[in-house]
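Asks: Contents are mmCIF, C-alpha atoms and all ligand atoms; file name coords-v9.cif:
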```cif
data_upload
#
loop_
_atom_site.label_atom_id
_atom_site.label_comp_id
_atom_site.auth_asym_id
_atom_site.auth_seq_id
_atom_site.Cartn_x
_atom_site.Cartn_y
_atom_site.Cartn_z
CA MET A 1 -5.53 -152.29 22.31
CA VAL A 2 -7.06 -151.57 25.69
CA ILE A 3 -8.84 -154.54 27.27
CA ALA A 4 -7.72 -157.58 25.24
CA HIS A 5 -4.00 -157.82 26.08
CA LEU A 6 -4.60 -159.98 29.13
CA PRO A 7 -7.17 -162.31 27.46
CA ALA A 8 -4.89 -162.66 24.41
CA GLY A 9 -2.02 -163.45 26.77
CA TYR A 10 -4.15 -166.09 28.41
CA LEU A 11 -4.83 -167.76 25.04
CA LEU A 12 -1.16 -167.70 23.98
CA THR A 13 0.05 -168.96 27.36
CA LYS A 14 -2.45 -171.85 27.37
CA HIS A 15 -1.08 -172.81 23.95
CA LEU A 16 2.51 -172.55 25.20
CA GLN A 17 1.65 -174.60 28.30
CA ASN A 18 0.53 -177.41 25.99
CA ARG A 19 3.74 -177.14 23.95
CA PHE A 20 5.92 -177.17 27.08
CA HIS A 21 3.86 -179.89 28.77
CA THR A 22 3.13 -177.85 31.88
CA THR A 23 0.04 -176.56 33.65
CA SER A 24 1.88 -173.91 35.66
CA LEU A 25 3.57 -170.56 34.99
CA LEU A 26 0.42 -168.93 33.63
CA TRP A 27 1.39 -165.88 35.69
CA ALA A 28 4.57 -165.38 33.61
CA GLY A 29 2.59 -165.24 30.37
CA LEU A 30 -0.05 -162.94 31.80
CA LEU A 31 2.60 -160.63 33.22
CA GLY A 32 4.33 -160.45 29.82
CA SER A 33 1.04 -159.69 28.07
CA ILE A 34 0.68 -156.39 29.97
CA LEU A 35 4.25 -155.59 31.07
CA PRO A 36 5.00 -153.00 28.35
CA ASP A 37 1.93 -150.99 29.39
CA PHE A 38 3.34 -150.38 32.87
CA ASP A 39 4.95 -147.36 31.20
CA ILE A 40 1.53 -145.69 31.36
CA LEU A 41 2.37 -144.83 34.97
CA TYR A 42 5.40 -142.85 33.72
CA PHE A 43 3.26 -141.35 30.95
CA TYR A 44 0.69 -139.94 33.40
CA LEU A 45 2.73 -139.35 36.56
CA VAL A 46 6.08 -138.11 35.24
CA ASP A 47 5.90 -137.25 31.54
CA ALA A 48 2.61 -135.31 31.77
CA GLN A 49 1.36 -137.03 28.58
CA GLN A 50 3.93 -135.18 26.42
CA VAL A 51 4.40 -138.00 23.88
CA SER A 52 2.68 -141.34 23.21
CA HIS A 53 3.74 -143.99 25.69
CA ARG A 54 4.34 -146.25 22.67
CA SER A 55 7.39 -144.16 21.84
CA TYR A 56 9.08 -145.11 25.14
CA ILE A 57 11.82 -147.75 25.13
CA THR A 58 9.42 -150.08 26.98
CA HIS A 59 7.35 -150.23 23.76
CA TRP A 60 10.31 -150.83 21.41
CA PRO A 61 10.18 -154.41 20.10
CA LEU A 62 13.94 -154.39 19.43
CA PHE A 63 14.60 -153.48 23.07
CA TRP A 64 12.68 -156.54 24.27
CA LEU A 65 14.29 -158.69 21.60
CA GLY A 66 17.68 -157.59 22.93
CA VAL A 67 16.68 -158.31 26.53
CA ALA A 68 15.40 -161.77 25.53
CA TYR A 69 18.61 -162.40 23.56
CA LEU A 70 20.66 -161.67 26.70
CA VAL A 71 18.43 -163.30 29.31
CA LEU A 72 17.26 -166.55 27.65
CA PRO A 73 20.69 -168.18 27.10
CA PHE A 74 21.74 -167.16 30.63
CA VAL A 75 18.64 -168.74 32.21
CA ARG A 76 18.89 -171.78 29.91
CA ILE A 77 22.42 -172.54 31.12
CA TRP A 78 22.30 -171.51 34.79
CA GLY A 79 18.58 -171.46 35.64
CA SER A 80 16.05 -174.19 36.25
CA ARG A 81 13.78 -175.56 33.53
CA ALA A 82 10.84 -173.76 35.18
CA ALA A 83 12.73 -170.43 35.14
CA PHE A 84 13.56 -170.86 31.44
CA THR A 85 9.95 -171.76 30.61
CA ALA A 86 8.70 -168.74 32.58
CA CYS A 87 11.05 -166.49 30.59
CA VAL A 88 9.84 -167.97 27.28
CA PHE A 89 6.22 -167.35 28.32
CA LEU A 90 7.09 -163.81 29.40
CA PHE A 91 8.96 -162.78 26.24
CA ALA A 92 6.51 -164.52 23.87
CA ASN A 93 3.69 -162.52 25.43
CA ILE A 94 5.64 -159.27 25.23
CA GLY A 95 6.03 -160.00 21.51
CA LEU A 96 2.28 -160.63 21.24
CA HIS A 97 1.65 -157.32 23.01
CA MET A 98 3.71 -155.49 20.36
CA LEU A 99 1.86 -157.24 17.51
CA LEU A 100 -1.55 -156.43 18.98
CA ASP A 101 -0.59 -152.81 19.66
CA SER A 102 0.52 -152.53 16.02
CA VAL A 103 -2.97 -153.35 14.73
CA MET A 104 -4.57 -150.07 15.73
CA ALA A 105 -1.75 -147.86 17.00
CA PRO A 106 1.72 -146.85 15.82
CA VAL A 107 4.55 -149.03 17.13
CA TYR A 108 8.21 -148.16 16.55
CA TRP A 109 9.43 -151.56 15.38
CA LEU A 110 12.84 -150.34 14.26
CA GLN A 111 13.72 -148.00 17.13
CA PRO A 112 16.49 -147.04 17.93
CA TYR A 113 17.52 -147.37 14.26
CA SER A 114 14.53 -145.67 12.67
CA GLU A 115 11.89 -143.20 13.87
CA GLU A 116 9.30 -144.69 11.52
CA SER A 117 6.27 -146.32 13.11
CA PHE A 118 4.11 -149.15 11.79
CA GLN A 119 0.36 -149.51 12.17
CA LEU A 120 -1.84 -152.07 10.41
CA LEU A 121 -5.17 -150.21 10.46
CA LYS A 122 -5.43 -146.43 10.27
CA LEU A 123 -8.74 -145.86 11.99
CA LYS A 124 -10.90 -142.79 11.72
CA TYR A 125 -12.61 -142.09 15.00
CA THR A 126 -15.68 -140.02 15.55
CA HIS A 127 -15.15 -137.34 18.15
CA ALA A 128 -18.57 -137.72 19.70
CA TYR A 129 -17.06 -137.91 23.18
CA SER A 130 -14.45 -135.74 24.81
CA PHE A 131 -12.66 -138.73 26.36
CA TRP A 132 -10.64 -140.68 23.73
CA LEU A 133 -11.50 -144.07 25.23
CA TRP A 134 -15.26 -143.70 24.58
CA ASN A 135 -14.57 -142.77 20.93
CA TYR A 136 -12.35 -145.84 20.58
CA MET A 137 -14.94 -148.14 22.16
CA ALA A 138 -17.64 -146.79 19.82
CA HIS A 139 -15.52 -147.76 16.77
CA PRO A 140 -16.27 -151.13 15.06
CA ALA A 141 -12.58 -152.08 15.49
CA PHE A 142 -13.26 -152.46 19.19
CA LEU A 143 -15.19 -155.62 18.26
CA MET A 144 -11.82 -157.29 17.72
CA GLU A 145 -11.00 -156.75 21.37
CA ILE A 146 -14.40 -158.12 22.41
CA ALA A 147 -13.85 -161.18 20.17
CA ILE A 148 -10.50 -161.90 21.89
CA CYS A 149 -12.14 -161.54 25.31
CA ILE A 150 -14.93 -163.96 24.33
CA ALA A 151 -12.40 -166.46 22.92
CA ALA A 152 -10.44 -166.37 26.21
CA LEU A 153 -13.62 -166.79 28.27
CA LEU A 154 -14.66 -169.75 26.11
CA ALA A 155 -11.20 -171.32 26.46
CA ARG A 156 -11.32 -170.85 30.23
CA PHE A 157 -14.87 -172.19 30.43
CA THR A 158 -14.23 -175.27 28.31
CA GLN A 159 -11.08 -175.98 30.32
CA SER A 160 -13.15 -175.89 33.52
CA VAL A 161 -15.73 -178.25 32.00
CA LYS A 162 -12.94 -180.66 30.93
CA TYR A 163 -11.45 -180.50 34.44
CA LEU A 164 -14.81 -181.24 36.09
CA HIS A 165 -15.40 -184.10 33.66
CA PHE A 166 -11.94 -185.48 34.49
CA ARG A 167 -12.68 -185.27 38.24
CA GLU A 168 -16.04 -186.97 37.79
CA LYS A 169 -14.35 -189.81 35.91
CA LYS A 170 -11.72 -190.20 38.65
CA ALA A 171 -14.31 -190.19 41.47
ZN ZN A 201 1.04 -151.38 24.76
#
```
Give the structure from this file in structure tokens form.
Ligand SMILES: [Zn+2]
Replies:
Amino acid sequence: MVIAHLPAGYLLTKHLQNRFHTTSLLWAGLLGSILPDFDILYFYLVDAQQVSHRSYITHWPLFWLGVAYLVLPFVRIWGSRAAFTACVFLFANIGLHMLLDSVMAPVYWLQPYSEESFQLLKLKYTHAYSFWLWNYMAHPAFLMEIAICIAALLARFTQSVKYLHFREKKA
């Protein structure tokens, strides 16, 4: 997944905001939706693209599950309600990131206990272009990313319309 992590994070966080009865902390969800991909900097700048960045610990679901297991109770007991909610938004979106990555790319769900990776769709790309991204974008599977982007835009747009309607009613 290349362009839809952030829009998907927006959709999940809007849902979570409703569940937690808040209109804030969107930033925490959006940050979580792309946080694992910060390892791309290491991939390009340090590791010289030796192995897939999805094999790094920052893309191991069990690593994030462990971090959430340690952090959430701590924040629940000693932190504020807003800090706990922000952490829930963050970790939920990291989980969503792993699920979405698993659709079209290998993700090491059982690392460090197993080297086996899991991938929902094994896609066959044409090699019409020398740059991998253009080949990926030419594949029909890329439509899934576009659909997520459109869904997020629609959600954002309808929310704006509702907000304007609410303001008109109040005025
Ligand atoms: Zn990723």
Asks: Determine, counting all atoms listed in the file, which protein, DNA and RNA residues have an atom within 12 Å of an atom of His139 of chain A; residues of the same chain fewer than 4 positions away are not included. Present the result as a list of chain:residue names.
Replies: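 My reading of the contact set: A:Met104, A:Leu123, A:Lys124, A:Tyr125, A:Thr126, A:His127, A:Ala128, A:Tyr129, A:Trp132, A:Leu133, A:Trp134, A:Asn135, A:Leu143, A:Met144, A:Glu145, A:Ile146.
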Asks: Looking at A:Tyr56, A:Trp27, A:Tyr136, A:Phe74, which one is nearest to ligand ZN 201 (chain A), with distances taken over all atoms listed in the file?
Replies: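 Going through A:Tyr56, A:Trp27, A:Tyr136, A:Phe74 one by one, the smallest distance to ligand ZN 201 (chain A) is for A:Tyr56.
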Asks: Which chain A residues have any atom within 10 Å of an atom of ligand ZN 201 (chain A), and for each, what is the nearest pair of atoms with distance in Å to one decimal, counting all atoms listed in the file, rows sorted by chain and number, as a tab-separated table?
Replies:
```
residue	atom	partner	partner_atom	distance
A:Met1	CA	A:ZN201	ZN	7.1
A:Val2	CA	A:ZN201	ZN	8.2
A:His5	CA	A:ZN201	ZN	8.3
A:Ser33	CA	A:ZN201	ZN	8.9
A:Ile34	CA	A:ZN201	ZN	7.2
A:Leu35	CA	A:ZN201	ZN	8.2
A:Pro36	CA	A:ZN201	ZN	5.6
A:Asp37	CA	A:ZN201	ZN	4.7
A:Phe38	CA	A:ZN201	ZN	8.5
A:Asp39	CA	A:ZN201	ZN	8.5
A:Ile40	CA	A:ZN201	ZN	8.7
A:His53	CA	A:ZN201	ZN	7.9
A:Arg54	CA	A:ZN201	ZN	6.4
A:Thr58	CA	A:ZN201	ZN	8.8
A:His59	CA	A:ZN201	ZN	6.5
A:Trp60	CA	A:ZN201	ZN	9.9
A:Ile94	CA	A:ZN201	ZN	9.1
A:Leu96	CA	A:ZN201	ZN	10.0
A:His97	CA	A:ZN201	ZN	6.2
A:Met98	CA	A:ZN201	ZN	6.6
A:Leu99	CA	A:ZN201	ZN	9.4
A:Leu100	CA	A:ZN201	ZN	8.1
A:Asp101	CA	A:ZN201	ZN	5.5
A:Ser102	CA	A:ZN201	ZN	8.8
A:Ala105	CA	A:ZN201	ZN	9.0
A:Val107	CA	A:ZN201	ZN	8.7
```
Asks: Could you tell me how far atom CA of Ala141 of chain A lies from atom CA of Trp109 of chain A, in Å and to one decimal?
Replies: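 Computing the Euclidean distance for atom CA of Ala141 of chain A and atom CA of Trp109 of chain A yields 22.0 Å.
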Asks: Name the closest residue to Tyr69 of chain A among the candidates A:Val88, A:Ser55, A:Ala48, A:Ala83; distances are taken between atoms, counting all atoms listed in the file.
Replies: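 Among the listed residues, A:Val88 lies closest to Tyr69 of chain A.
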Asks: Find the distance between atom CA of Lys162 of chain A and atom CA of Asn93 of chain A and write it in Å to one decimal.
Replies: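 According to the coordinates, atom CA of Lys162 of chain A and atom CA of Asn93 of chain A are separated by 25.2 Å.
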Asks: Rounded to one decimal in Å, what is the spacing between atom CA of Leu72 of chain A and atom CA of Gln17 of chain A?
Replies: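 These two atoms are separated by 17.6 Å.
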Asks: With distances taken over all atoms listed in the file, which residue among A:Leu41, A:Leu16, A:Met137, A:Ile57 lies nearest Pro112 of chain A?
Replies: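 Counting all atoms listed in the file, the residue closest to Pro112 of chain A is A:Ile57.
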Asks: Using all atoms listed in the file for the distances, tell me which of A:Leu120, A:Val75, A:Leu45, A:Cys87 is nearest to Gly32 of chain A.
Replies: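 Of A:Leu120, A:Val75, A:Leu45, A:Cys87, the one nearest Gly32 of chain A is A:Cys87, counting all atoms listed in the file.
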Asks: Which residue is closest to Gly9 of chain A? Choose from A:Asp47, A:Tyr113, A:His165, A:Gly29 and count only C-alpha atoms.
Replies: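 Among the listed residues, A:Gly29 lies closest to Gly9 of chain A.
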Asks: Which residue is closest to Ala8 of chain A? Choose from A:Leu30, A:Leu62, A:Gly79, A:Leu110 and count all atoms listed in the file.
Replies: A:Leu30
Asks: List the neighbours of Ser24 of chain A out to 10 Å using all atoms listed in the file; skip same-chain residues closer than 5 positions along the sequence, and give me the result as a ChimeraX atom specification.
Replies: /A:13-14,17,82,85-86
Asks: Complete the atoms of segment 154-165 of chain A to all heavy atoms and put them out as an mmCIF file, in the coordinates of the input.
Replies:
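Below is the file that was written, part.cif:
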```
data_model
loop_
_atom_site.group_PDB
_atom_site.id
_atom_site.type_symbol
_atom_site.label_atom_id
_atom_site.label_comp_id
_atom_site.auth_asym_id
_atom_site.auth_seq_id
_atom_site.Cartn_x
_atom_site.Cartn_y
_atom_site.Cartn_z
ATOM 1 N N LEU A 154 -14.261 -168.421 26.571
ATOM 2 C CA LEU A 154 -14.660 -169.750 26.110
ATOM 3 C C LEU A 154 -13.576 -170.783 26.420
ATOM 4 O O LEU A 154 -13.870 -171.893 26.867
ATOM 5 C CB LEU A 154 -14.946 -169.731 24.606
ATOM 6 C CG LEU A 154 -16.263 -169.073 24.186
ATOM 7 C CD1 LEU A 154 -16.357 -168.978 22.671
ATOM 8 C CD2 LEU A 154 -17.456 -169.861 24.747
ATOM 9 N N ALA A 155 -12.315 -170.401 26.185
ATOM 10 C CA ALA A 155 -11.200 -171.320 26.460
ATOM 11 C C ALA A 155 -11.158 -171.652 27.949
ATOM 12 O O ALA A 155 -10.959 -172.808 28.332
ATOM 13 C CB ALA A 155 -9.884 -170.691 26.013
ATOM 14 N N ARG A 156 -11.342 -170.639 28.772
ATOM 15 C CA ARG A 156 -11.320 -170.850 30.230
ATOM 16 C C ARG A 156 -12.488 -171.730 30.657
ATOM 17 O O ARG A 156 -12.332 -172.639 31.467
ATOM 18 C CB ARG A 156 -11.387 -169.491 30.946
ATOM 19 C CG ARG A 156 -11.376 -169.572 32.446
ATOM 20 C CD ARG A 156 -9.980 -169.934 32.937
ATOM 21 N NE ARG A 156 -9.957 -170.159 34.364
ATOM 22 C CZ ARG A 156 -10.091 -171.352 34.951
ATOM 23 N NH1 ARG A 156 -10.286 -172.430 34.223
ATOM 24 N NH2 ARG A 156 -10.030 -171.477 36.251
ATOM 25 N N PHE A 157 -13.666 -171.453 30.063
ATOM 26 C CA PHE A 157 -14.870 -172.190 30.430
ATOM 27 C C PHE A 157 -14.770 -173.659 30.010
ATOM 28 O O PHE A 157 -15.045 -174.563 30.785
ATOM 29 C CB PHE A 157 -16.104 -171.545 29.799
ATOM 30 C CG PHE A 157 -17.379 -172.281 30.082
ATOM 31 C CD1 PHE A 157 -17.943 -172.282 31.351
ATOM 32 C CD2 PHE A 157 -18.007 -173.006 29.078
ATOM 33 C CE1 PHE A 157 -19.105 -172.988 31.611
ATOM 34 C CE2 PHE A 157 -19.172 -173.714 29.330
ATOM 35 C CZ PHE A 157 -19.722 -173.706 30.603
ATOM 36 N N THR A 158 -14.327 -173.884 28.786
ATOM 37 C CA THR A 158 -14.230 -175.270 28.310
ATOM 38 C C THR A 158 -13.166 -176.025 29.088
ATOM 39 O O THR A 158 -13.307 -177.221 29.326
ATOM 40 C CB THR A 158 -13.901 -175.335 26.798
ATOM 41 O OG1 THR A 158 -12.760 -174.533 26.549
ATOM 42 C CG2 THR A 158 -15.047 -174.878 25.947
ATOM 43 N N GLN A 159 -12.110 -175.329 29.511
ATOM 44 C CA GLN A 159 -11.080 -175.980 30.320
ATOM 45 C C GLN A 159 -11.673 -176.419 31.664
ATOM 46 O O GLN A 159 -11.411 -177.513 32.153
ATOM 47 C CB GLN A 159 -9.906 -175.030 30.558
ATOM 48 C CG GLN A 159 -8.753 -175.708 31.258
ATOM 49 C CD GLN A 159 -7.780 -174.722 31.865
ATOM 50 O OE1 GLN A 159 -8.024 -173.538 31.951
ATOM 51 N NE2 GLN A 159 -6.657 -175.252 32.291
ATOM 52 N N SER A 160 -12.509 -175.561 32.256
ATOM 53 C CA SER A 160 -13.150 -175.890 33.520
ATOM 54 C C SER A 160 -14.069 -177.095 33.368
ATOM 55 O O SER A 160 -14.114 -177.979 34.216
ATOM 56 C CB SER A 160 -13.981 -174.702 34.041
ATOM 57 O OG SER A 160 -13.150 -173.617 34.276
ATOM 58 N N VAL A 161 -14.814 -177.131 32.245
ATOM 59 C CA VAL A 161 -15.730 -178.250 32.000
ATOM 60 C C VAL A 161 -14.932 -179.546 31.861
ATOM 61 O O VAL A 161 -15.275 -180.569 32.442
ATOM 62 C CB VAL A 161 -16.583 -177.981 30.731
ATOM 63 C CG1 VAL A 161 -17.337 -179.228 30.322
ATOM 64 C CG2 VAL A 161 -17.542 -176.838 30.986
ATOM 65 N N LYS A 162 -13.792 -179.479 31.099
ATOM 66 C CA LYS A 162 -12.940 -180.660 30.930
ATOM 67 C C LYS A 162 -12.415 -181.131 32.279
ATOM 68 O O LYS A 162 -12.367 -182.323 32.570
ATOM 69 C CB LYS A 162 -11.746 -180.314 30.024
ATOM 70 C CG LYS A 162 -12.011 -180.471 28.559
ATOM 71 C CD LYS A 162 -10.723 -180.229 27.800
ATOM 72 C CE LYS A 162 -10.997 -179.754 26.405
ATOM 73 N NZ LYS A 162 -9.836 -179.140 25.800
ATOM 74 N N TYR A 163 -12.010 -180.177 33.126
ATOM 75 C CA TYR A 163 -11.450 -180.500 34.440
ATOM 76 C C TYR A 163 -12.501 -181.182 35.317
ATOM 77 O O TYR A 163 -12.232 -182.190 35.961
ATOM 78 C CB TYR A 163 -10.929 -179.223 35.102
ATOM 79 C CG TYR A 163 -10.395 -179.427 36.486
ATOM 80 C CD1 TYR A 163 -9.188 -180.095 36.691
ATOM 81 C CD2 TYR A 163 -11.087 -178.962 37.604
ATOM 82 C CE1 TYR A 163 -8.688 -180.293 37.952
ATOM 83 C CE2 TYR A 163 -10.601 -179.153 38.877
ATOM 84 C CZ TYR A 163 -9.394 -179.819 39.045
ATOM 85 O OH TYR A 163 -8.910 -180.013 40.309
ATOM 86 N N LEU A 164 -13.728 -180.643 35.289
ATOM 87 C CA LEU A 164 -14.810 -181.240 36.090
ATOM 88 C C LEU A 164 -15.121 -182.646 35.593
ATOM 89 O O LEU A 164 -15.335 -183.559 36.386
ATOM 90 C CB LEU A 164 -16.071 -180.356 36.009
ATOM 91 C CG LEU A 164 -16.027 -179.072 36.821
ATOM 92 C CD1 LEU A 164 -17.251 -178.225 36.539
ATOM 93 C CD2 LEU A 164 -15.923 -179.372 38.313
ATOM 94 N N HIS A 165 -15.139 -182.795 34.255
ATOM 95 C CA HIS A 165 -15.400 -184.100 33.660
ATOM 96 C C HIS A 165 -14.333 -185.106 34.087
ATOM 97 O O HIS A 165 -14.631 -186.230 34.442
ATOM 98 C CB HIS A 165 -15.408 -183.938 32.124
ATOM 99 C CG HIS A 165 -15.986 -185.110 31.404
ATOM 100 N ND1 HIS A 165 -17.300 -185.470 31.560
ATOM 101 C CD2 HIS A 165 -15.434 -185.987 30.551
ATOM 102 C CE1 HIS A 165 -17.542 -186.548 30.815
ATOM 103 N NE2 HIS A 165 -16.422 -186.876 30.203
#
```
